[in-house]
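Taking it in order: structure first as structure tokens, then the write-up.
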There are 2 protein chains.
Amino acid sequence: MAYIDRHDVAHAPPPPPPTGARLREWEAIRTSPRTRLQRLPEHEIVFREGEPADRLYEITDGAVMLYKLLADGRRQVVEVLGRGDLFGLSAGDEHDCHAETLVSSGLRIIDRREAEGCIGGQQYIARCLRDRLAELRDHAVLLGRKSAFERVATFLVRMVPRRGRAGCTGPAQVDTATVRIAMTRQEIADYLGLTIETVSRIISDMRRRGVVVAERQDRLTIPDVCGLCRLSGRH
Amino acid sequence: MAYIDRHDVAHAPPPPPPTGARLREWEAIRTSPRTRLQRLPEHEIVFREGEPADRLYEITDGAVMLYKLLADGRRQVVEVLGRGDLFGLSAGDEHDCHAETLVSSGLRIIDRREAEGCIGGQQYIARCLRDRLAELRDHAVLLGRKSAFERVATFLVRMVPRRGRAGCTGPAQVDTATVRIAMTRQEIADYLGLTIETVSRIISDMRRRGVVVAERQDRLTIPDVCGLCRLSGRH
DNA sequence: CGCGCCCTTGACCAGACTCAATATTAGTGG
DNA sequence: CCACTAATATTGAGTCTGGTCAAGGGCGCG
């Protein structure tokens with residue numbers, strides 16, 4: 001599968017600009033002999049809830065989702081991550097969720113103890129944690145207070161690089177974007193707290209209303225990103 | 001208002017056990033001349049979304065909620081914090097949510113730059129961030145996948161110290177607990193992604209079913225915590 | 001005792017879910 | 001290149017949970 005930019009799949013802010021000298025510490029960890037690179041095919045489990053959390057994963061390319069399951073099988077996708085994002089940081093010494101690739105992905109596997117041992121690593125990790133926290137807060141608003149239509153609209157706008165997030169640069173000259181949706185309808189539904197049928201119906205409705213144009217199932221053009229954003233219940 | 005333990009209000013894990021030598025660094029920051037103590041009455045805004053995020057707040061007693069607003073006034077409470085918790089850590093240099101006391105609270109105000117300057121501070125902050133992240137993931141499952149009844153049940157079980165979270169110790173000899181609910185129905189509704197009427201109806205229903213006994217509006221006894229937990233859609 | 005603020009309850013409604021059928025799409029092999 | 005298959009997505013009909021609107025009830029405080 002071709003190279004997937006994080007923006008194709010994840011609502012991601014630009015990669016954290018590292019802070020000078022500390023960057024070198026982090027770079028040293030990245031290239032440490034204890035650090036390994038791994039390539040996984042799409043829809044491959046990286047780790048499961050309850051497994052020991054003794055290493056971190058950095059996405060070098062591709063996309064990964066984190067999800068939790070209830071006893072009866074209900075699933076909630078809690079995070080969707082892209083290139084440059086770090087995951088595997090758990091509060092305890094066991095993972096609190098499952099991690100699975102959405103598409104073929106390259107991962108850099110880093111020893112947790114090593115990463116947490118220097119201030120550069122700590123800073124880099126803390127920055128990632130803060131980004132994740134901000135995203136999850138936004139997502140809590142989506143899940144708790146937005147209508148199904150608004151959820152899908154928010155999701156689509158977030159797919160557009162540098163849009164739909166804090167620090168959105170606003171419309172460029174031409175406010176059109178084509179996004180690749182590297183998630184199945186089921187995965188989108190489990191991310192947005194909806195059912196697969198509702199997601200499908202809403203995308204069809206958007207198509208009928210001309211809010212999106214479907215090139216293919218997984219490739220949509222948004223003729224007016226700003227307009228879609230206005231339908232997303234923006235704050 | 002009397003002293004409120006975090007467990008009276010927040011589903012909080014035990015305070016992070018600090019790690020030896022680094023604790024002293026953190027203790028030094030806590031007692032630094034740049035650190036101030038402040039007492040706020042109940043329902044007082046600590047900061048608003050968009051204000052500069054140049055300091056951290058540690059709750060010495062009381063409880064604080066963080067919430068976000070949509071343009072049309074819909075509100076989602078994204079975190080409920082208690083004694084020992086840190087807040088004000090934003091991804092950018094502006095707060096991404098509002099902070100408001102639930103009850104009269106004592107806050108320790110810490111300079112952000114100072115706290116982030118040493119590895120002890122970084123570690124302490126990173127630990128708090130990880131705890132918050134784990135809680136928000138759990139809350140995303142609640143908001144995205146649980147029924148109204150399960151949401152309220154989950155909320156009540158989390159009010160019981162050391163129950164309803166990862167590392168729940170299971171039923172003690174007598175599995176009865178009395179909890180103080182230091183939130184209005186509106187706040188609970190905005191936390192659980194419901195309406196005030198639904199929260200009210202469900203608590204009434206629980207009362208009828210004997211799942212809870214109401215001493216007062218804000219004081220409930222749960223005769224069988226484990227039983228309530230089983231109704232909460234536990235994973 | 002009375003006023004105001006929450007909270008509770010009821011009746012009705014609507015948005016999203018469930019179940020079921022059909023249509024596409026991607027992948028495989030002839 | 002096309003036919004066939006399995007997986008995924010769409011669409012429809014009907015139901016139900018939770019929301020909306022509106023009216024009463026209870027509690028704390030002055």
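By order of appearance in the structure tokens: chains A, B, ..., then residues from 1 within every chain, and ligands from 1 in the order shown.
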Q) So which residues of segment 46-169 of chain B fall under strand (DSSP E or B) by DSSP, listed as a PyMOL selection string? A) chain B and resi 46-47+52+55-61+64-69+75-81+86-87+94+98-101+105-111
**Q.** Which of segment 6-178 of chain B DSSP labels alpha helix (DSSP H), written as a ChimeraX atom specification
**A.** /B:6-9,21-30,112-116,119-145,148-159
Q: Do a neighbour search on Glu44 of chain B at 8 Å with only C-alpha atoms (C1' of nucleotides), toss out local chain neighbours closer than 6 positions, and write the hits as a VMD selection string.
A: chain B and resid 100 to 102
Q.
I need the chain A residues near chain D as a list in words; criterion: at most 10 Å, counting only C-alpha atoms (C1' of nucleotides).
A.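 Those within range of chain D come out as Thr184, Arg185, Gln186, Ile196, Glu197, Ser200, Arg201, Ser204 and Gln217 of chain A.
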Given only C-alpha atoms, how would the per-residue table for chain A near chain B read, listing every residue at most 6 Å away with its closest atom pair and distance in Å to one decimal, sorted by chain and number, as a tab-separated table?
```
residue	atom	partner	partner_atom	distance
A:Leu70	CA	B:His235	CA	4.0
A:Ala71	CA	B:His235	CA	4.5
A:Gln76	CA	B:Val141	CA	5.4
A:Val78	CA	B:Arg137	CA	5.8
A:Ala91	CA	B:Arg130	CA	4.8
A:Ile119	CA	B:Ile119	CA	5.9
A:Ala126	CA	B:Ala126	CA	5.5
A:Arg130	CA	B:Ala91	CA	4.8
A:Asp131	CA	B:Ala91	CA	5.3
A:Leu133	CA	B:Leu133	CA	5.9
A:Arg137	CA	B:Val78	CA	5.8
A:Ala140	CA	B:Ala140	CA	6.0
A:Val141	CA	B:Gln76	CA	5.5
A:Leu143	CA	B:Gly144	CA	5.5
A:Gly144	CA	B:Gly193	CA	4.1
A:Gly193	CA	B:Gly144	CA	4.1
A:His235	CA	B:Leu70	CA	4.0
```
(Q) Would you mind listing, as an MDAnalysis selection string, all residues of chain C that have at least one atom within 10 Å of chain B, where only C-alpha atoms (C1' of nucleotides) are what counts? (A) chainID C and resid 6:9
Q.
Please report the interatomic distance between atom CA of Arg55 of chain A and atom CA of Asp111 of chain A in Å with one decimal.
A. 4.6 Å
**Q.** Among the residues B:Met183, B:Leu23, B:Val211, B:Ala53, the one that comes closest to Cys229 of chain B [using only C-alpha atoms]
**A.** B:Val211
